[in-house]
>>> print(open('protein_11.txt').read())   # compact mmCIF, C-alpha atoms
# COMPACT_ATOMS: atom_id res chain seq x y z
CA MET O 159 -107.47 19.71 127.29
CA ASP O 160 -107.91 17.56 130.39
CA ILE O 161 -111.27 19.05 131.38
CA ARG O 162 -112.49 18.49 134.93
CA LEU O 163 -115.61 19.38 136.91
CA LYS O 164 -115.12 21.41 140.07
CA GLY O 165 -117.74 21.90 142.76
CA THR O 166 -121.29 20.56 142.88
CA VAL O 167 -124.56 21.93 141.53
CA PHE O 168 -127.79 20.82 143.22
CA PHE O 169 -130.39 21.56 140.58
CA GLU O 170 -133.25 20.53 142.89
CA HIS O 171 -132.22 23.34 145.28
CA VAL O 172 -132.18 25.87 142.45
CA LEU O 173 -135.67 25.31 141.09
CA PRO O 174 -138.71 26.52 143.05
CA SER O 175 -141.22 23.98 144.38
CA SER O 176 -143.73 25.17 141.77
CA CYS O 177 -141.63 23.37 139.15
CA SER O 178 -142.83 19.97 140.31
CA ASP O 179 -142.96 18.62 136.76
CA ILE O 180 -139.21 19.04 136.38
CA LEU O 181 -137.93 18.31 139.91
CA SER O 182 -137.28 14.61 139.26
CA THR O 183 -135.15 15.60 136.25
CA ALA O 184 -133.32 18.12 138.44
CA VAL O 185 -132.44 15.41 140.97
CA SER O 186 -131.26 13.14 138.14
CA ALA O 187 -129.14 15.95 136.67
CA THR O 188 -127.42 16.46 140.02
CA GLN O 189 -126.64 12.75 140.27
CA LYS O 190 -125.40 12.45 136.69
CA ARG O 191 -123.18 15.51 137.08
CA LEU O 192 -121.60 13.95 140.17
CA ALA O 193 -121.14 10.67 138.30
CA LEU O 194 -119.46 12.55 135.45
CA GLN O 195 -117.19 14.36 137.89
CA ASP O 196 -116.07 11.07 139.42
CA ALA O 197 -115.49 9.43 136.04
CA LEU O 198 -113.36 12.35 134.86
CA GLU O 199 -111.28 12.31 138.04
CA CYS O 200 -110.72 8.56 137.59
CA LYS O 201 -109.95 9.09 133.89
CA ASP O 202 -112.51 6.41 133.08
CA PHE O 203 -113.54 7.81 129.72
CA ASP O 204 -115.96 5.02 128.85
CA ARG O 205 -117.92 5.73 132.03
CA ALA O 206 -117.49 9.48 131.49
CA GLU O 207 -119.00 9.16 128.00
CA GLU O 208 -122.10 7.43 129.36
CA SER O 209 -122.49 9.85 132.30
CA MET O 210 -122.06 12.83 129.98
CA LYS O 211 -124.80 11.64 127.64
CA GLU O 212 -127.21 11.23 130.56
CA TYR O 213 -126.29 14.53 132.18
CA SER O 214 -126.50 16.38 128.88
CA SER O 215 -130.02 15.03 128.31
CA ASP O 216 -131.20 16.10 131.78
CA PHE O 217 -129.55 19.51 131.56
CA THR O 218 -131.06 20.18 128.13
CA THR O 219 -134.51 19.32 129.48
CA ILE O 220 -134.10 21.72 132.43
CA LEU O 221 -132.70 24.51 130.28
CA GLN O 222 -135.53 24.23 127.76
CA PHE O 223 -138.08 24.25 130.61
CA LEU O 224 -136.55 27.47 131.97
CA LYS O 225 -136.63 29.06 128.51
CA ASP O 226 -140.27 28.10 127.99
CA ASN O 227 -141.28 29.42 131.44
CA SER O 228 -138.89 32.35 131.78
CA ALA O 229 -141.73 34.76 132.54
CA SER O 230 -143.08 32.79 135.52
CA VAL O 231 -140.16 30.85 137.06
CA VAL O 232 -137.98 32.59 139.64
CA LEU O 233 -134.96 30.54 140.72
CA LYS O 234 -134.38 30.05 144.43
CA ASP O 235 -130.64 30.38 143.88
CA GLN O 236 -128.25 30.97 141.01
CA PRO O 237 -126.02 27.92 140.41
CA HIS O 238 -122.27 28.29 140.02
CA PHE O 239 -120.92 26.17 137.17
CA ASP O 240 -117.27 25.46 137.91
CA TRP O 241 -114.89 23.77 135.46
CA SER O 242 -111.14 23.50 134.99
CA TRP O 243 -108.93 22.78 131.98
CA CYS O 244 -105.22 23.00 131.27
CA GLY O 245 -104.57 23.79 134.93
CA GLN O 246 -106.92 26.80 134.98
CA GLN O 247 -110.24 26.97 136.81
CA HIS O 248 -113.19 29.04 135.60
CA MET O 249 -116.62 29.57 137.11
CA SER O 250 -119.77 31.18 135.75
CA THR O 251 -123.40 31.56 136.71
CA CYS O 252 -124.40 31.51 133.05
CA TRP O 253 -126.40 28.48 131.99
CA GLN O 254 -125.14 28.90 128.44
CA TYR O 255 -121.61 28.46 129.82
CA GLU O 256 -122.62 25.08 131.26
CA LYS O 257 -124.10 24.09 127.90
CA LEU O 258 -120.84 25.04 126.19
CA MET O 259 -118.76 23.10 128.70
CA ILE O 260 -120.93 20.01 128.29
CA HIS O 261 -120.07 19.94 124.59
CA ALA O 262 -116.44 20.90 125.29
CA CYS O 263 -116.10 18.06 127.78
CA SER O 264 -117.84 15.63 125.41
CA SER O 265 -115.41 16.61 122.67
CA ASP O 266 -112.47 16.11 125.02
CA ILE O 267 -113.73 12.67 126.10
CA TYR O 268 -114.03 11.48 122.50
CA PHE O 269 -110.65 13.04 121.64
CA LYS O 270 -108.97 11.06 124.43
CA LYS O 271 -110.76 7.87 123.38
CA SER O 272 -109.54 8.49 119.84
CA MET O 273 -105.95 8.88 121.07
CA ARG O 274 -106.31 5.64 123.02
CA CYS O 275 -107.44 3.83 119.86
CA ALA O 276 -104.57 5.37 117.91
CA ASP O 277 -102.16 4.06 120.52
CA ALA O 278 -103.68 0.59 120.02
CA LYS O 279 -103.46 1.10 116.22
CA THR O 280 -107.20 0.56 115.79
CA TRP O 281 -107.44 3.32 113.23
CA LYS O 282 -111.09 2.90 112.23
CA ASP O 283 -112.19 3.35 115.85
CA ALA O 284 -109.80 6.27 116.23
CA ASN O 285 -111.42 7.91 113.21
CA LYS O 286 -114.91 7.23 114.57
CA PHE O 287 -114.18 8.85 117.94
CA ILE O 288 -112.37 11.86 116.43
CA GLN O 289 -115.45 12.35 114.22
CA SER O 290 -117.65 12.41 117.36
CA SER O 291 -115.27 14.89 118.97
CA GLY O 292 -115.58 17.12 115.92
CA GLU O 293 -119.37 17.00 115.99
CA HIS O 294 -119.39 18.53 119.49
CA VAL O 295 -116.90 21.18 118.34
CA ALA O 296 -119.11 22.02 115.35
CA THR O 297 -122.09 22.27 117.71
CA ILE O 298 -120.24 24.79 119.86
CA ILE O 299 -119.31 26.88 116.80
CA HIS O 300 -122.63 26.83 114.97
CA GLN O 301 -125.13 26.59 117.81
CA VAL O 302 -123.88 27.41 121.30
CA LEU O 303 -121.66 30.44 120.66
CA LYS O 304 -124.15 31.99 118.23
CA GLN O 305 -126.74 32.10 121.01
CA TRP O 306 -124.37 33.86 123.39
CA VAL O 307 -124.43 37.66 123.64
CA TRP O 308 -121.43 39.42 125.18
CA LYS O 309 -121.21 42.86 126.77
CA GLU O 310 -117.43 42.74 126.30
CA ALA O 311 -115.16 40.68 124.09
CA PRO O 312 -114.72 37.20 125.61
CA SER O 313 -111.31 36.61 127.18
CA VAL O 314 -111.53 32.87 128.02
CA SER O 315 -110.29 30.51 125.30
CA MET O 316 -113.29 28.19 125.57
CA THR O 317 -115.68 31.02 124.71
CA GLN O 318 -113.86 32.21 121.58
CA THR O 319 -114.87 31.02 118.12
CA GLU O 320 -111.27 30.98 116.83
CA PHE O 321 -110.28 28.46 119.51
CA TRP O 322 -112.94 26.01 118.36
CA GLN O 323 -112.37 26.63 114.65
CA SER O 324 -108.71 25.75 115.27
CA LYS O 325 -109.79 22.60 117.10
CA LEU O 326 -112.06 21.59 114.21
CA ASN O 327 -109.30 22.02 111.63
CA LEU O 328 -106.98 19.95 113.82
CA ILE O 329 -109.61 17.21 113.83
CA TYR O 330 -109.84 17.33 110.01
CA ALA O 331 -106.06 16.88 109.89
CA LEU O 332 -106.15 13.96 112.33
CA LYS O 333 -108.88 12.25 110.31
CA ASP O 334 -106.63 12.30 107.24
CA MET O 335 -103.70 11.06 109.34
CA PHE O 336 -105.74 8.16 110.73
CA THR O 337 -106.99 7.30 107.24
CA LEU O 338 -103.41 7.20 105.96
CA GLN O 339 -102.22 4.92 108.74
CA TYR O 340 -105.21 2.65 108.30
CA GLY O 341 -104.08 2.34 104.69
CA TYR O 342 -100.52 1.48 105.76
CA SER O 343 -101.80 -1.15 108.20
CA ASN O 344 -103.86 -2.78 105.42
CA PRO O 345 -102.12 -5.61 103.53
CA LYS O 346 -102.91 -3.88 100.23
CA GLY O 347 -101.15 -0.76 101.46
CA VAL O 348 -101.51 2.70 99.94
CA THR O 349 -99.73 4.31 97.00
CA ILE O 350 -97.20 7.09 97.47
CA ASN O 351 -99.36 9.51 95.48
CA ASN O 352 -102.39 8.86 97.71
CA SER O 353 -100.17 9.12 100.78
CA MET O 354 -98.84 12.47 99.60
CA LYS O 355 -102.38 13.71 98.93
CA LEU O 356 -103.54 12.84 102.45
CA LEU O 357 -100.40 14.26 104.06
CA ASN O 358 -100.66 17.47 102.06
CA ARG O 359 -104.30 17.91 103.06
CA ALA O 360 -103.51 17.14 106.71
CA GLU O 361 -100.66 19.66 106.60
CA HIS O 362 -103.02 22.24 105.07
CA SER O 363 -105.65 21.73 107.79
CA SER O 364 -103.13 21.71 110.64
CA SER O 365 -101.46 24.90 109.35
CA ILE O 366 -104.85 26.67 109.28
CA SER O 367 -105.47 25.36 112.80
CA LEU O 368 -102.11 26.77 113.87
CA ILE O 369 -102.90 30.19 112.43
CA GLN O 370 -106.27 30.29 114.17
CA TRP O 371 -105.00 29.19 117.58
CA ALA O 372 -101.47 27.92 118.15
CA GLY O 373 -101.03 24.77 120.21
CA ASP O 374 -98.75 21.76 120.65
CA TYR O 375 -100.94 19.39 118.66
CA ASN O 376 -101.40 21.45 115.50
CA THR O 377 -97.72 22.50 115.50
CA MET O 378 -96.44 18.94 115.83
CA LEU O 379 -98.93 17.53 113.34
CA MET O 380 -98.03 20.11 110.70
CA ASN O 381 -94.32 19.29 111.14
CA TRP O 382 -94.95 15.54 110.99
CA CYS O 383 -96.87 15.98 107.74
CA ARG O 384 -94.12 18.04 106.14
CA VAL O 385 -91.29 15.73 107.19
CA SER O 386 -93.30 12.70 106.04
CA ARG O 387 -93.91 14.32 102.66
CA ALA O 388 -90.17 14.94 102.36
CA PHE O 389 -89.27 11.29 102.95
CA LEU O 390 -91.94 10.00 100.60
CA SER O 391 -90.74 12.50 97.99
CA ALA O 392 -87.22 11.12 98.46
CA LYS O 393 -88.55 7.63 97.73
CA LYS O 394 -90.22 8.92 94.55
CA TRP O 395 -86.98 10.57 93.39
CA ALA O 396 -85.02 7.38 94.06
CA ASP O 397 -87.55 5.32 92.12
CA GLN O 398 -86.93 7.68 89.16
CA GLY O 399 -83.15 7.23 89.46
CA GLU O 400 -82.61 10.70 90.94
CA TYR O 401 -80.46 9.52 93.84
CA GLY O 402 -78.81 12.88 94.45
CA LYS O 403 -82.15 14.52 95.11
CA ALA O 404 -83.37 11.57 97.20
CA ILE O 405 -80.26 11.65 99.40
CA GLY O 406 -80.42 15.44 99.67
CA LEU O 407 -84.00 15.38 100.96
CA VAL O 408 -83.24 12.68 103.54
CA ASN O 409 -80.12 14.53 104.74
CA THR O 410 -82.09 17.74 105.11
CA PHE O 411 -85.07 16.31 107.00
CA GLU O 412 -83.45 13.49 109.01
CA PRO O 413 -82.52 15.77 111.97
CA LEU O 414 -86.11 17.07 112.07
CA LEU O 415 -87.43 13.51 112.04
CA GLU O 416 -85.26 12.61 115.04
CA GLU O 417 -86.47 15.70 116.88
CA LEU O 418 -90.12 14.91 116.19
CA HIS O 419 -89.74 11.24 117.13
CA GLY O 420 -88.20 12.25 120.45
CA ASN O 421 -91.25 14.35 121.33
CA ALA O 422 -94.13 12.51 123.02
CA THR O 423 -96.79 14.87 121.60
CA LEU O 424 -98.94 12.97 119.10
CA SER O 425 -96.57 9.98 119.26
CA GLU O 426 -99.52 7.58 119.42
CA CYS O 427 -101.02 9.13 116.27
CA VAL O 428 -98.01 8.72 113.99
CA ASP O 429 -96.40 5.44 115.07
CA THR O 430 -97.40 3.50 111.95
CA LEU O 431 -96.43 6.45 109.74
CA TYR O 432 -93.04 6.69 111.48
CA ASN O 433 -92.34 3.03 110.74
CA LYS O 434 -93.07 3.69 107.07
CA ILE O 435 -90.78 6.72 107.04
CA ASN O 436 -88.07 4.75 108.81
CA GLU O 437 -88.19 2.21 105.99
CA VAL O 438 -87.29 5.02 103.60
CA LEU O 439 -84.51 6.18 105.91
CA GLN O 440 -82.95 2.70 105.87
CA MET O 441 -82.69 2.95 102.07
CA LYS O 442 -80.33 5.94 102.22
CA GLN O 443 -77.17 3.87 102.58
CA GLU O 444 -78.06 1.83 99.50
CA TRP O 445 -78.80 5.04 97.57
CA GLU O 446 -75.45 6.51 98.61
CA GLN O 447 -73.54 3.40 97.49
CA THR O 448 -75.35 3.38 94.15
CA ASN O 449 -74.75 7.08 93.62
CA ASN O 450 -71.07 6.92 94.64
CA HIS O 451 -70.26 4.04 92.30
CA VAL O 452 -72.66 4.46 89.38
CA HIS O 453 -74.51 7.77 89.02
CA TYR O 454 -72.24 10.40 90.65
CA GLN O 455 -75.15 12.84 90.97
CA ARG O 456 -74.80 16.06 92.91
CA ILE O 457 -76.46 15.89 96.36
CA GLU O 458 -79.22 18.48 96.49
CA ALA O 459 -82.59 18.91 98.24
CA PRO O 460 -85.30 19.91 95.75
CA ASP O 461 -88.39 21.83 96.80
CA LEU O 462 -91.27 19.70 97.98
CA GLU O 463 -94.11 19.26 95.54
CA THR O 464 -96.95 21.72 96.01
CA TYR O 465 -100.46 20.35 95.87
CA ILE O 466 -103.61 22.40 95.55
CA VAL O 467 -105.95 21.40 98.34
CA ASP O 468 -109.56 21.18 97.23
CA ASP O 469 -111.70 21.97 100.28
CA ALA O 470 -114.54 20.10 98.58
CA ASP O 471 -112.59 16.88 99.24
CA ILE O 472 -112.85 17.47 102.99
CA LYS O 473 -116.02 15.97 104.38
CA ILE O 474 -117.54 18.68 106.55
CA ILE O 475 -118.34 17.67 110.12
CA GLU O 476 -121.86 18.79 110.97
CA PRO O 477 -123.13 19.88 114.41
CA ILE O 478 -125.29 17.58 116.49
CA LYS O 479 -128.99 18.04 115.81
>>> encode(input="protein_11.txt", output="structure tokens")
Amino acid sequence: MDIRLKGTVFFEHVLPSSCSDILSTAVSATQKRLALQDALECKDFDRAEESMKEYSSDFTTILQFLKDNSASVVLKDQPHFDWSWCGQQHMSTCWQYEKLMIHACSSDIYFKKSMRCADAKTWKDANKFIQSSGEHVATIIHQVLKQWVWKEAPSVSMTQTEFWQSKLNLIYALKDMFTLQYGYSNPKGVTINNSMKLLNRAEHSSSISLIQWAGDYNTMLMNWCRVSRAFLSAKKWADQGEYGKAIGLVNTFEPLLEELHGNATLSECVDTLYNKINEVLQMKQEWEQTNNHVHYQRIEAPDLETYIVDDADIKIIEPIK
């Protein structure tokens, strides 16, 4: 989402002098917010992660203090919390909005770190960071948004439950994709049946994500899963001597594979999977020669196998306590 901080909030100027017990935390919060802003602008996500943790801790302390003393504390000024994402800038004076954006930004930081690990093919780390990203999303859904009361229906994507539910389902799909590619990168490998199970579940989660809130990531991931299932199904048919069906599936889905591979979206997340699919593609010529000289089977593309996804197999990501 490429979240950025805009503007500065001086918490020590907001709180009255009577709040002496919390003023040092207010000064620290101002400093940590500025440090986070700089780290995000520099796209230094390791530093941004550390600054975010520190700022989140200070902000939570201040917010809890204001809740506990709401009857006696009168703010000297109302802060303006200004953030931008996807090229759009939004500002609010609501402290709950700042709490939401802290978790949204944290999720985005971990998401980007996960993509960086995927690009380096360190799949276990990619899975770890995407899990952390999901925990902040779950916190927004189950904690932050439930404490927010609206006079009118929210119109900003970040404040709508469906947006975050879509994000969470995308993360479930990516976790299965990372698990699959970790299996492929392991010398022992992974069986076709287990590969199909993970791909089917990832396709299921990404399709739900797409229905809830359409975006480039969930659309591309769903298509990658389906095309991958088609090529692995072709390999299964060929192993059973059904070369006509194997060739038919490859012929049908090869143009879609080329289109997906030419798109940079999620390219770092599917590189190992693409290499595996490409191995199947290289077998087509051998299948065609065998079929043309031995089997003479009709070229046809059978329907892809349908798997029933058991939601109990998906490990639920819990909110941060």
>>> atom_distance(input="protein_11.txt", atom1="atom CA of O:Met249", atom2="atom CA of O:Ser272")
28.2 Å
>>> closest_residue(input="protein_11.txt", among="O:Ala296, O:Ile220, O:Val172, O:Ala187", to="O:Thr251", atoms="all atoms listed in the file")
O:Val172
>>> atom_distance(input="protein_11.txt", atom1="atom CA of O:Leu356", atom2="atom CA of O:Ser324")
18.9 Å
>>> residues_around(input="protein_11.txt", residues="O:Ser182", least_positions_apart="4", cutoff="10 Å", atoms="only C-alpha atoms", output="list of chain:residue names")
O:Phe169, O:Glu170, O:Cys177, O:Ser178, O:Ser186, O:Ala187, O:Asp216
>>> atom_distance(input="protein_11.txt", atom1="atom CA of O:Cys383", atom2="atom CA of O:Glu444")
24.9 Å
>>> residues_around(input="protein_11.txt", residues="O:Glu426", least_positions_apart="2", cutoff="10 Å", atoms="all atoms listed in the file", output="MDAnalysis selection string")
chainID O and resid 273:279 422:424 428:430
>>> write_last_selection(input="protein_11.txt", atoms="C-alpha atoms", output="short mmCIF file (atom, residue, chain, number, x, y, z; two decimals), in the frame of the given file")
data_model
loop_
_atom_site.label_atom_id
_atom_site.label_comp_id
_atom_site.auth_asym_id
_atom_site.auth_seq_id
_atom_site.Cartn_x
_atom_site.Cartn_y
_atom_site.Cartn_z
CA MET O 273 -105.95 8.88 121.07
CA ARG O 274 -106.31 5.64 123.02
CA CYS O 275 -107.44 3.83 119.86
CA ALA O 276 -104.57 5.37 117.91
CA ASP O 277 -102.16 4.06 120.52
CA ALA O 278 -103.68 0.59 120.02
CA LYS O 279 -103.46 1.10 116.22
CA ALA O 422 -94.13 12.51 123.02
CA THR O 423 -96.79 14.87 121.60
CA LEU O 424 -98.94 12.97 119.10
CA VAL O 428 -98.01 8.72 113.99
CA ASP O 429 -96.40 5.44 115.07
CA THR O 430 -97.40 3.50 111.95
#
>>> closest_residue(input="protein_11.txt", among="O:Leu173, O:Trp371, O:Leu198, O:Thr280", to="O:Val232", atoms="only C-alpha atoms")
O:Leu173
>>> residues_around(input="protein_11.txt", residues="O:Leu357", least_positions_apart="5", cutoff="12 Å", atoms="all atoms listed in the file", output="ChimeraX atom specification")
/O:330-339,350-352,362-365,379-391,428,431,463-465,467
>>> closest_residue(input="protein_11.txt", among="O:Gln195, O:Gln222, O:Gln254, O:Ser228", to="O:Trp241", atoms="only C-alpha atoms")
O:Gln195
>>> residues_around(input="protein_11.txt", residues="O:Val302", least_positions_apart="3", cutoff="8 Å", atoms="all atoms listed in the file", output="PyMOL selection string")
chain O and resi 254+257-258+297-299+305-306
>>> residues_around(input="protein_11.txt", residues="O:His261", least_positions_apart="4", cutoff="12 Å", atoms="only C-alpha atoms", output="PyMOL selection string")
chain O and resi 161+207+210-211+213-215+217-218+254-257+265-268+290-299+301-303+316-317+322+477-478
>>> residues_near_point(input="protein_11.txt", point="(-84.7, 10.0, 110.6)", cutoff="12 Å", atoms="all atoms listed in the file", output="VMD selection string")
chain O and resid 382 385 to 386 388 to 389 407 to 420 432 to 442
>>> axis_aligned_box(input="protein_11.txt", around="stretch 288-307 of chain O", padding_each_side="5 Å", output="JSON")
{"center_x": -119.6, "center_y": 24.8, "center_z": 118.9, "size_x": 24.4, "size_y": 35.8, "size_z": 19.4}
>>> closest_residue(input="protein_11.txt", among="O:Leu326, O:Val452, O:Ile288, O:Ile466", to="O:Cys427", atoms="only C-alpha atoms")
O:Ile288
>>> build_atoms(input="protein_11.txt", residues="stretch 466-476 of chain O", atoms="all heavy atoms", output="mmCIF file, keeping the file's coordinate frame")
data_model
loop_
_atom_site.group_PDB
_atom_site.id
_atom_site.type_symbol
_atom_site.label_atom_id
_atom_site.label_comp_id
_atom_site.auth_asym_id
_atom_site.auth_seq_id
_atom_site.Cartn_x
_atom_site.Cartn_y
_atom_site.Cartn_z
ATOM 1 N N ILE O 466 -102.471 21.512 95.299
ATOM 2 C CA ILE O 466 -103.610 22.400 95.550
ATOM 3 C C ILE O 466 -104.663 21.617 96.317
ATOM 4 O O ILE O 466 -105.147 20.581 95.845
ATOM 5 C CB ILE O 466 -104.200 22.942 94.234
ATOM 6 C CG1 ILE O 466 -103.146 23.775 93.493
ATOM 7 C CG2 ILE O 466 -105.445 23.785 94.511
ATOM 8 C CD1 ILE O 466 -103.599 24.268 92.130
ATOM 9 N N VAL O 467 -104.979 22.087 97.507
ATOM 10 C CA VAL O 467 -105.950 21.400 98.340
ATOM 11 C C VAL O 467 -107.353 21.850 97.950
ATOM 12 O O VAL O 467 -107.663 23.042 97.970
ATOM 13 C CB VAL O 467 -105.710 21.675 99.835
ATOM 14 C CG1 VAL O 467 -106.800 21.043 100.684
ATOM 15 C CG2 VAL O 467 -104.345 21.157 100.252
ATOM 16 N N ASP O 468 -108.167 20.895 97.568
ATOM 17 C CA ASP O 468 -109.560 21.180 97.230
ATOM 18 C C ASP O 468 -110.402 20.965 98.492
ATOM 19 O O ASP O 468 -110.550 19.844 98.972
ATOM 20 C CB ASP O 468 -110.038 20.250 96.115
ATOM 21 C CG ASP O 468 -111.430 20.619 95.606
ATOM 22 O OD1 ASP O 468 -112.067 21.511 96.214
ATOM 23 O OD2 ASP O 468 -111.879 20.018 94.610
ATOM 24 N N ASP O 469 -110.912 22.070 99.050
ATOM 25 C CA ASP O 469 -111.700 21.970 100.280
ATOM 26 C C ASP O 469 -112.940 21.107 100.100
ATOM 27 O O ASP O 469 -113.499 20.591 101.066
ATOM 28 C CB ASP O 469 -112.105 23.363 100.771
ATOM 29 C CG ASP O 469 -110.899 24.163 101.277
ATOM 30 O OD1 ASP O 469 -109.923 23.526 101.696
ATOM 31 O OD2 ASP O 469 -110.943 25.411 101.248
ATOM 32 N N ALA O 470 -113.367 20.939 98.843
ATOM 33 C CA ALA O 470 -114.540 20.100 98.580
ATOM 34 C C ALA O 470 -114.247 18.631 98.893
ATOM 35 O O ALA O 470 -115.165 17.838 99.100
ATOM 36 C CB ALA O 470 -114.990 20.251 97.131
ATOM 37 N N ASP O 471 -112.954 18.256 98.927
ATOM 38 C CA ASP O 471 -112.590 16.880 99.240
ATOM 39 C C ASP O 471 -112.699 16.587 100.736
ATOM 40 O O ASP O 471 -112.672 15.428 101.152
ATOM 41 C CB ASP O 471 -111.151 16.585 98.789
ATOM 42 C CG ASP O 471 -111.031 16.526 97.270
ATOM 43 O OD1 ASP O 471 -112.062 16.327 96.610
ATOM 44 O OD2 ASP O 471 -109.909 16.697 96.760
ATOM 45 N N ILE O 472 -112.758 17.643 101.549
ATOM 46 C CA ILE O 472 -112.850 17.470 102.990
ATOM 47 C C ILE O 472 -114.313 17.332 103.384
ATOM 48 O O ILE O 472 -115.128 18.241 103.138
ATOM 49 C CB ILE O 472 -112.211 18.670 103.727
ATOM 50 C CG1 ILE O 472 -110.740 18.800 103.334
ATOM 51 C CG2 ILE O 472 -112.348 18.504 105.234
ATOM 52 C CD1 ILE O 472 -110.055 20.033 103.922
ATOM 53 N N LYS O 473 -114.641 16.215 103.974
ATOM 54 C CA LYS O 473 -116.020 15.970 104.380
ATOM 55 C C LYS O 473 -116.326 16.797 105.627
ATOM 56 O O LYS O 473 -115.734 16.604 106.688
ATOM 57 C CB LYS O 473 -116.239 14.490 104.677
ATOM 58 C CG LYS O 473 -117.690 14.130 104.943
ATOM 59 C CD LYS O 473 -117.878 12.641 105.138
ATOM 60 C CE LYS O 473 -119.339 12.302 105.401
ATOM 61 N NZ LYS O 473 -119.551 10.846 105.606
ATOM 62 N N ILE O 474 -117.246 17.754 105.475
ATOM 63 C CA ILE O 474 -117.540 18.680 106.550
ATOM 64 C C ILE O 474 -118.220 17.959 107.720
ATOM 65 O O ILE O 474 -119.154 17.185 107.528
ATOM 66 C CB ILE O 474 -118.453 19.830 106.051
ATOM 67 C CG1 ILE O 474 -117.763 20.582 104.908
ATOM 68 C CG2 ILE O 474 -118.798 20.780 107.189
ATOM 69 C CD1 ILE O 474 -116.444 21.214 105.268
ATOM 70 N N ILE O 475 -117.744 18.226 108.920
ATOM 71 C CA ILE O 475 -118.340 17.670 110.120
ATOM 72 C C ILE O 475 -119.490 18.583 110.543
ATOM 73 O O ILE O 475 -119.315 19.790 110.758
ATOM 74 C CB ILE O 475 -117.302 17.572 111.261
ATOM 75 C CG1 ILE O 475 -116.212 16.577 110.874
ATOM 76 C CG2 ILE O 475 -117.975 17.124 112.564
ATOM 77 C CD1 ILE O 475 -115.095 16.459 111.895
ATOM 78 N N GLU O 476 -120.672 18.023 110.643
ATOM 79 C CA GLU O 476 -121.860 18.790 110.970
ATOM 80 C C GLU O 476 -122.126 18.790 112.478
ATOM 81 O O GLU O 476 -121.753 17.857 113.184
ATOM 82 C CB GLU O 476 -123.082 18.207 110.252
ATOM 83 C CG GLU O 476 -122.981 18.208 108.731
ATOM 84 C CD GLU O 476 -123.004 19.611 108.143
ATOM 85 O OE1 GLU O 476 -123.448 20.549 108.848
ATOM 86 O OE2 GLU O 476 -122.590 19.761 106.977
#
